[in-house]
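Down below is the structure, laid out as structure tokens.
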There are 2 protein chains.
Amino acid sequence: MSTRDKNKILPDASPAGGGRKAANAAASRPPVIAGNLFDPVEREPAYTRVSAAIEAKILSRELKSGEVLPPETDLAQQFRVHRSTIREALRQLESAGLVIRPPGAKRMIVSRPHADKVASGMRQALVLHNVSFVDVWEAMMVIEPEVAALAATRRTLEEIDALIAVSNAFGDSPQSDPNAVDLVSEFFELLGACARNQVLVLAKQSLAQVLAPSLAQMIDRVPQARSRIAEAQRKIIAALQNKDADDARKWMAKHVRDFKRGYEVAGISPETLVSM
Amino acid sequence: MSTRDKNKILPDASPAGGGRKAANAAASRPPVIAGNLFDPVEREPAYTRVSAAIEAKILSRELKSGEVLPPETDLAQQFRVHRSTIREALRQLESAGLVIRPPGAKRMIVSRPHADKVASGMRQALVLHNVSFVDVWEAMMVIEPEVAALAATRRTLEEIDALIAVSNAFGDSPQSDPNAVDLVSEFFELLGACARNQVLVLAKQSLAQVLAPSLAQMIDRVPQARSRIAEAQRKIIAALQNKDADDARKWMAKHVRDFKRGYEVAGISPETLVSM
DNA sequence: CTGTGTCCTATTGTCGGACAATCCGACATC
DNA sequence: GATGTCGGATTGTCCGACAATAGGACACAG
């Protein structure tokens, strides 16, 4: 893929330096061939090829989601490799979420990567890249209000009922309910569903995963956080009911801004790195 | 042998809820135990546990990025499993981007998942979830203008120079240059870098990957696309130079809207599913 | 002194084969 | 219809083996 070229790790022996050197050197020495005259010889291990082959068939929908994968022995015969090799390839696909094994089943089935899976991959990346809370918050400030606006124009009545249910459950939850955070997350998740946009949902979900742990701390430490969150949820729901995109956007922005305030009040530095 | 023990099926007969149900049921018929009295017994295969263990050490930074992983044989001894099992675990980590093998190296090194990796995972997910062009476009409409606004306040002069260089390269590229798309992508990528927000960059990059193939088609089919893109890039760069966030946002929004127009002109339906 | 050839060791990629566990479907039974 | 039994299919894990090669040490030639 051509986009890869930009990230190539090769030392990029651009003939600039080499040429200069050769020029003011005597003609005695034959010129050194500097540039990328040859491509690196491809020496892909078999397990990668196998997994790439299966992956291609999945992405091209030749293997449809839900189909059961042939047994490892069959695959080994078809690819003419050992079963261990097949298994290594399967582990790659499994980790990518392209195949999964229903709990307590033996054969594996083709699957489309579930949002959780992708989000958790993103979370790992963010954690290891030393992303701080403000970064996540900033991204939320970008995405969430617009999602709310979209949701306002596309929501169904059933979805609003679900939102109300979750919001009430959060409001009624006792002061130190450990899974109150889950309810907050669920509110966001439902809202995302209303927006009818898988792309944004995926992005949202990653943010939620990254934020969840510290959010729990925050809610615990800031007594007034609960009521403020509940209030914001009510306003947002009202905006959805009225199909008022601008209001939804406005209240969600306020809501997200409030998160940051909460963190400040809780004494959590905005520069705190997200972890785990 | 000892690995067998780990897989033993322990019924975990927690006596927690048994009494409640039995109490309010009549004595006539033995009460049917309905609810989730028992948790599903955990029967994780060894390769998953191994990979989870290593993953934890990586995420907790006990294994730092760049360190070389112990040889498979050592790991096998430490975990008391066979080398094949270790290898399956390593394939999972490899696919997640937590460990990589530098081209032509033997040992594996711990790594943080590179943005490309995450983005390509996201791309797979989007492809398989039948995401259409409008979905991606909508997400771009949400993200890109705000990124541009952030970039305007945070860019350095060097970054502007780089943007100008790429923009010029795009403007000067011949009419049917196949890698003109790459230059467009690079412009977006550089802009993302200016925003100083890894989270948004990650999201952006996924969108770019998903969009690239169809974008190439579009540019080929719509003659005036090139000049419009170049024009927008100039405006955006100017806004960055003036540190004018509002202008940057406005022009980027226009720019992204233009993409959709381009698709319409090219006769590509907005409902076209992203593929590959 | 730098580049090249040689040798050894550590480590990976792949293989063949083995066996216990267990899922699954087909039956038989009450 | 619910439950027990049985045999085959398939996976999880192991054992052991071998070729290929990366990495290093070391000698040698220009």
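The chains in the structure tokens are called A, B, ... from first to last as shown; in each chain the residues are counted from 1, and the ligands are counted from 1 in the order shown.
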
At a cut-off of 12 Å, list the chain A residues touching chain C, using only C-alpha atoms (C1' of nucleotides), as a PDB file with C-alpha atoms, in the first residue's frame.
```
ATOM      1  CA  ARG A  43      10.461 -13.332   3.596  1.00  0.00           C
ATOM      2  CA  GLU A  44       7.069 -13.646   5.198  1.00  0.00           C
ATOM      3  CA  PRO A  45       6.592 -16.556   7.555  1.00  0.00           C
ATOM      4  CA  ALA A  46       3.928 -19.029   6.622  1.00  0.00           C
ATOM      5  CA  TYR A  47       1.641 -18.223   9.512  1.00  0.00           C
ATOM      6  CA  THR A  48       1.398 -14.641   8.308  1.00  0.00           C
ATOM      7  CA  ALA A  76      -3.656 -27.513   7.365  1.00  0.00           C
ATOM      8  CA  ARG A  80      -0.136 -27.671   3.009  1.00  0.00           C
ATOM      9  CA  VAL A  81       1.267 -26.579   6.325  1.00  0.00           C
ATOM     10  CA  HIS A  82       1.347 -28.063   9.765  1.00  0.00           C
ATOM     11  CA  ARG A  83      -1.556 -27.616  12.094  1.00  0.00           C
ATOM     12  CA  SER A  84       0.580 -25.552  14.460  1.00  0.00           C
ATOM     13  CA  THR A  85       1.119 -23.065  11.697  1.00  0.00           C
ATOM     14  CA  ILE A  86      -2.613 -22.852  11.122  1.00  0.00           C
ATOM     15  CA  GLU A  88      -0.726 -19.395  14.904  1.00  0.00           C
ATOM     16  CA  PRO A 103     -18.199 -19.480  24.581  1.00  0.00           C
ATOM     17  CA  GLY A 104     -17.997 -23.211  25.012  1.00  0.00           C
ATOM     18  CA  ALA A 105     -17.948 -24.009  21.333  1.00  0.00           C
ATOM     19  CA  LYS A 106     -15.275 -25.912  19.555  1.00  0.00           C
ATOM     20  CA  ARG A 107     -15.236 -24.631  16.017  1.00  0.00           C
TER      21      ARG A 107
END
```

Rows by chain and residue number, chain B within 8 Å of chain A, shortest pair, only C-alpha atoms, as CSV:
```
residue,atom,partner,partner_atom,distance
B:Leu59,CA,A:Met276,CA,6.2
B:Ser60,CA,A:Met276,CA,6.6
B:Ser84,CA,A:Ser84,CA,7.3
B:Arg87,CA,A:Glu88,CA,7.0
B:Glu88,CA,A:Glu88,CA,5.1
B:Ala89,CA,A:Arg91,CA,7.5
B:Arg91,CA,A:Gln92,CA,5.5
B:Gln92,CA,A:Gln92,CA,5.1
B:Leu93,CA,A:Ser95,CA,7.7
B:Glu94,CA,A:Gln92,CA,7.5
B:Ser95,CA,A:Gln92,CA,5.2
B:Ala96,CA,A:Ser95,CA,6.6
B:Arg112,CA,A:Leu128,CA,5.8
B:Pro113,CA,A:Ala125,CA,5.4
B:His114,CA,A:Ala125,CA,7.4
B:Ala115,CA,A:Ala125,CA,7.8
B:Val118,CA,A:Met122,CA,6.2
B:Gly121,CA,A:Val118,CA,6.8
B:Met122,CA,A:Val118,CA,6.2
B:Gln124,CA,A:Leu59,CA,7.2
B:Ala125,CA,A:Pro113,CA,5.3
B:Leu126,CA,A:Val199,CA,7.1
B:Val127,CA,A:Leu59,CA,7.3
B:Leu128,CA,A:Arg112,CA,5.7
B:His129,CA,A:Arg112,CA,6.9
B:Val131,CA,A:Gln198,CA,6.9
B:Asp135,CA,A:Asn197,CA,5.8
B:Val136,CA,A:Val199,CA,6.4
B:Ala139,CA,A:Leu200,CA,6.0
B:Val142,CA,A:Ile143,CA,6.5
B:Ile143,CA,A:Val142,CA,6.5
B:Glu146,CA,A:Val142,CA,6.5
B:Asn179,CA,A:Ser2,CA,7.6
B:Asp182,CA,A:Thr3,CA,6.3
B:Asn197,CA,A:Asp135,CA,5.7
B:Gln198,CA,A:Val131,CA,6.9
B:Val199,CA,A:Val136,CA,6.4
B:Leu200,CA,A:Ala139,CA,6.0
B:Ala203,CA,A:Ala203,CA,6.7
B:Ser275,CA,A:Ser60,CA,7.9
B:Met276,CA,A:Leu59,CA,6.4
```

File of the preceding selection, N, CA and C atoms, as a tab-separated table (two decimals), in the first residue's frame:
```tsv
chain	number	residue	atom	x	y	z
B	59	LEU	N	1.26	-3.24	29.35
B	59	LEU	CA	0.42	-2.07	29.61
B	59	LEU	C	0.82	-1.38	30.92
B	60	SER	N	1.31	-2.16	31.86
B	60	SER	CA	1.73	-1.55	33.12
B	60	SER	C	3.15	-1.02	33.02
B	84	SER	N	4.97	-24.17	21.73
B	84	SER	CA	3.87	-23.90	20.80
B	84	SER	C	2.84	-22.99	21.44
B	87	ARG	N	4.05	-19.56	21.43
B	87	ARG	CA	4.00	-18.95	20.10
B	87	ARG	C	2.58	-18.47	19.79
B	88	GLU	N	1.59	-19.25	20.14
B	88	GLU	CA	0.21	-18.80	19.88
B	88	GLU	C	-0.07	-17.50	20.62
B	89	ALA	N	0.41	-17.43	21.84
B	89	ALA	CA	0.22	-16.19	22.59
B	89	ALA	C	0.93	-15.03	21.91
B	91	ARG	N	1.56	-14.65	18.82
B	91	ARG	CA	0.85	-14.23	17.62
B	91	ARG	C	-0.28	-13.28	17.98
B	92	GLN	N	-0.93	-13.52	19.09
B	92	GLN	CA	-1.99	-12.60	19.49
B	92	GLN	C	-1.43	-11.21	19.76
B	93	LEU	N	-0.37	-11.19	20.54
B	93	LEU	CA	0.23	-9.90	20.87
B	93	LEU	C	0.75	-9.21	19.62
B	94	GLU	N	1.29	-10.01	18.72
B	94	GLU	CA	1.83	-9.45	17.50
B	94	GLU	C	0.71	-8.79	16.70
B	95	SER	N	-0.40	-9.50	16.61
B	95	SER	CA	-1.52	-8.97	15.84
B	95	SER	C	-2.08	-7.71	16.49
B	96	ALA	N	-1.95	-7.61	17.80
B	96	ALA	CA	-2.43	-6.42	18.48
B	96	ALA	C	-1.42	-5.28	18.39
B	112	ARG	N	4.77	-0.10	21.21
B	112	ARG	CA	3.43	0.47	21.36
B	112	ARG	C	2.74	0.42	20.00
B	113	PRO	N	1.48	0.06	19.98
B	113	PRO	CA	0.79	-0.08	18.70
B	113	PRO	C	0.89	1.21	17.91
B	114	HIS	N	1.37	1.09	16.69
B	114	HIS	CA	1.50	2.27	15.87
B	114	HIS	C	0.14	2.65	15.31
B	115	ALA	N	0.00	3.95	15.05
B	115	ALA	CA	-1.30	4.47	14.62
B	115	ALA	C	-1.83	3.71	13.41
B	118	VAL	N	-3.61	0.49	14.49
B	118	VAL	CA	-4.93	0.70	15.06
B	118	VAL	C	-5.92	1.12	13.98
B	121	GLY	N	-7.02	-1.72	11.93
B	121	GLY	CA	-8.03	-2.51	12.62
B	121	GLY	C	-9.40	-1.87	12.52
B	122	MET	N	-9.42	-0.58	12.69
B	122	MET	CA	-10.67	0.15	12.60
B	122	MET	C	-11.23	0.04	11.18
B	124	GLN	N	-10.83	-2.37	9.02
B	124	GLN	CA	-11.46	-3.69	8.87
B	124	GLN	C	-12.85	-3.70	9.47
B	125	ALA	N	-12.94	-3.17	10.67
B	125	ALA	CA	-14.24	-3.19	11.34
B	125	ALA	C	-15.27	-2.43	10.52
B	126	LEU	N	-14.88	-1.26	10.05
B	126	LEU	CA	-15.84	-0.45	9.31
B	126	LEU	C	-16.27	-1.15	8.03
B	127	VAL	N	-15.29	-1.73	7.35
B	127	VAL	CA	-15.63	-2.43	6.11
B	127	VAL	C	-16.65	-3.52	6.39
B	128	LEU	N	-16.39	-4.30	7.40
B	128	LEU	CA	-17.27	-5.44	7.66
B	128	LEU	C	-18.61	-5.03	8.26
B	129	HIS	N	-18.69	-3.81	8.73
B	129	HIS	CA	-19.97	-3.38	9.29
B	129	HIS	C	-20.78	-2.61	8.27
B	131	VAL	N	-20.27	-0.04	6.49
B	131	VAL	CA	-20.32	1.40	6.62
B	131	VAL	C	-20.29	2.03	5.22
B	135	ASP	N	-21.37	7.78	6.02
B	135	ASP	CA	-21.01	7.63	7.43
B	135	ASP	C	-19.61	8.19	7.67
B	136	VAL	N	-18.70	7.77	6.82
B	136	VAL	CA	-17.33	8.24	6.98
B	136	VAL	C	-17.29	9.75	6.79
B	139	ALA	N	-18.49	11.57	9.79
B	139	ALA	CA	-17.48	11.60	10.84
B	139	ALA	C	-16.40	12.62	10.52
B	142	VAL	N	-17.42	15.99	11.36
B	142	VAL	CA	-17.37	16.26	12.79
B	142	VAL	C	-15.95	16.57	13.23
B	143	ILE	N	-15.03	15.74	12.76
B	143	ILE	CA	-13.69	15.79	13.33
B	143	ILE	C	-12.79	16.81	12.66
B	146	GLU	N	-12.71	20.69	13.49
B	146	GLU	CA	-12.21	20.99	14.83
B	146	GLU	C	-10.71	20.75	14.92
B	179	ASN	N	-0.31	8.85	-7.28
B	179	ASN	CA	-0.11	9.04	-5.85
B	179	ASN	C	-0.46	10.45	-5.39
B	182	ASP	N	-2.07	10.18	-2.11
B	182	ASP	CA	-1.17	10.11	-0.97
B	182	ASP	C	-0.83	11.51	-0.48
B	197	ASN	N	-2.90	16.19	19.30
B	197	ASN	CA	-3.84	15.36	20.04
B	197	ASN	C	-3.87	13.97	19.41
B	198	GLN	N	-3.21	13.06	20.10
B	198	GLN	CA	-3.08	11.70	19.60
B	198	GLN	C	-4.43	11.05	19.35
B	199	VAL	N	-5.37	11.37	20.20
B	199	VAL	CA	-6.66	10.70	20.07
B	199	VAL	C	-7.30	11.05	18.75
B	200	LEU	N	-7.34	12.33	18.48
B	200	LEU	CA	-7.96	12.76	17.23
B	200	LEU	C	-7.15	12.29	16.03
B	203	ALA	N	-8.17	8.79	15.23
B	203	ALA	CA	-9.48	8.73	14.57
B	203	ALA	C	-9.37	9.19	13.13
B	275	SER	N	-15.03	-0.45	0.97
B	275	SER	CA	-14.65	-1.84	0.73
B	275	SER	C	-13.15	-2.01	0.84
B	276	MET	N	-12.74	-3.25	0.63
B	276	MET	CA	-11.34	-3.63	0.76
B	276	MET	C	-10.94	-3.60	2.21
```

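With only C-alpha atoms (C1' of nucleotides) as the atoms that count, the residue of D:DG1, D:DG12, D:DG24, D:DG30 with the shortest distance to chain A is D:DG12.
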
Please, which residues of chain D lie no more than 12 Å from chain B when the count uses only C-alpha atoms (C1' of nucleotides), and can they be set out as a list of chain:residue names?
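Therefore, the residues near the partner are D:DT11, D:DG12, D:DT13, D:DC14, D:DC15, D:DG16, D:DA20, D:DT21, D:DA22, D:DG23.
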
DSSP on the backbone: which residues in segment 28-266 of chain B end up as helix (DSSP H, G or I)? Give the answer as a VMD selection string.
chain B and resid 46 to 59 72 to 79 83 to 96 115 to 128 133 to 154 157 to 172 180 to 195 198 to 221 225 to 241 245 to 265

What separation in Å, quoted to one decimal, exists between atom CA of Asp258 of chain B and atom CA of Leu191 of chain B?
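Taking atom CA of Asp258 of chain B and atom CA of Leu191 of chain B, their separation equals 17.9 Å.
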
Least-squares overlay of chain B on chain A, all C-alpha in order, gives RMSD 5.8 Å

What is the distance, in Å and to one decimal place, between atom CA of Ala195 of chain B and atom CA of Ser269 of chain A?
20.8 Å

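Within segment 13-231 of chain A, the backbone-based DSSP assignment of strand (DSSP E) covers Val99, Ile100, Ile109 and Val110 of chain A.
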
I'd like the neighbourhood of Ser176 of chain A as a VMD selection string, where a residue qualifies if any of its atoms comes within 10 Å (using only C-alpha atoms (C1' of nucleotides)), though same-chain residues fewer than 4 positions away should be ignored.
chain A and resid 180 216 219 to 221 223

May I ask which of the residues A:Asp161, A:Arg49, A:Lys204, A:Phe79 is the closest one to Ala238 of chain A, counting only C-alpha atoms?
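Closest to Ala238 of chain A of all the choices is A:Asp161.
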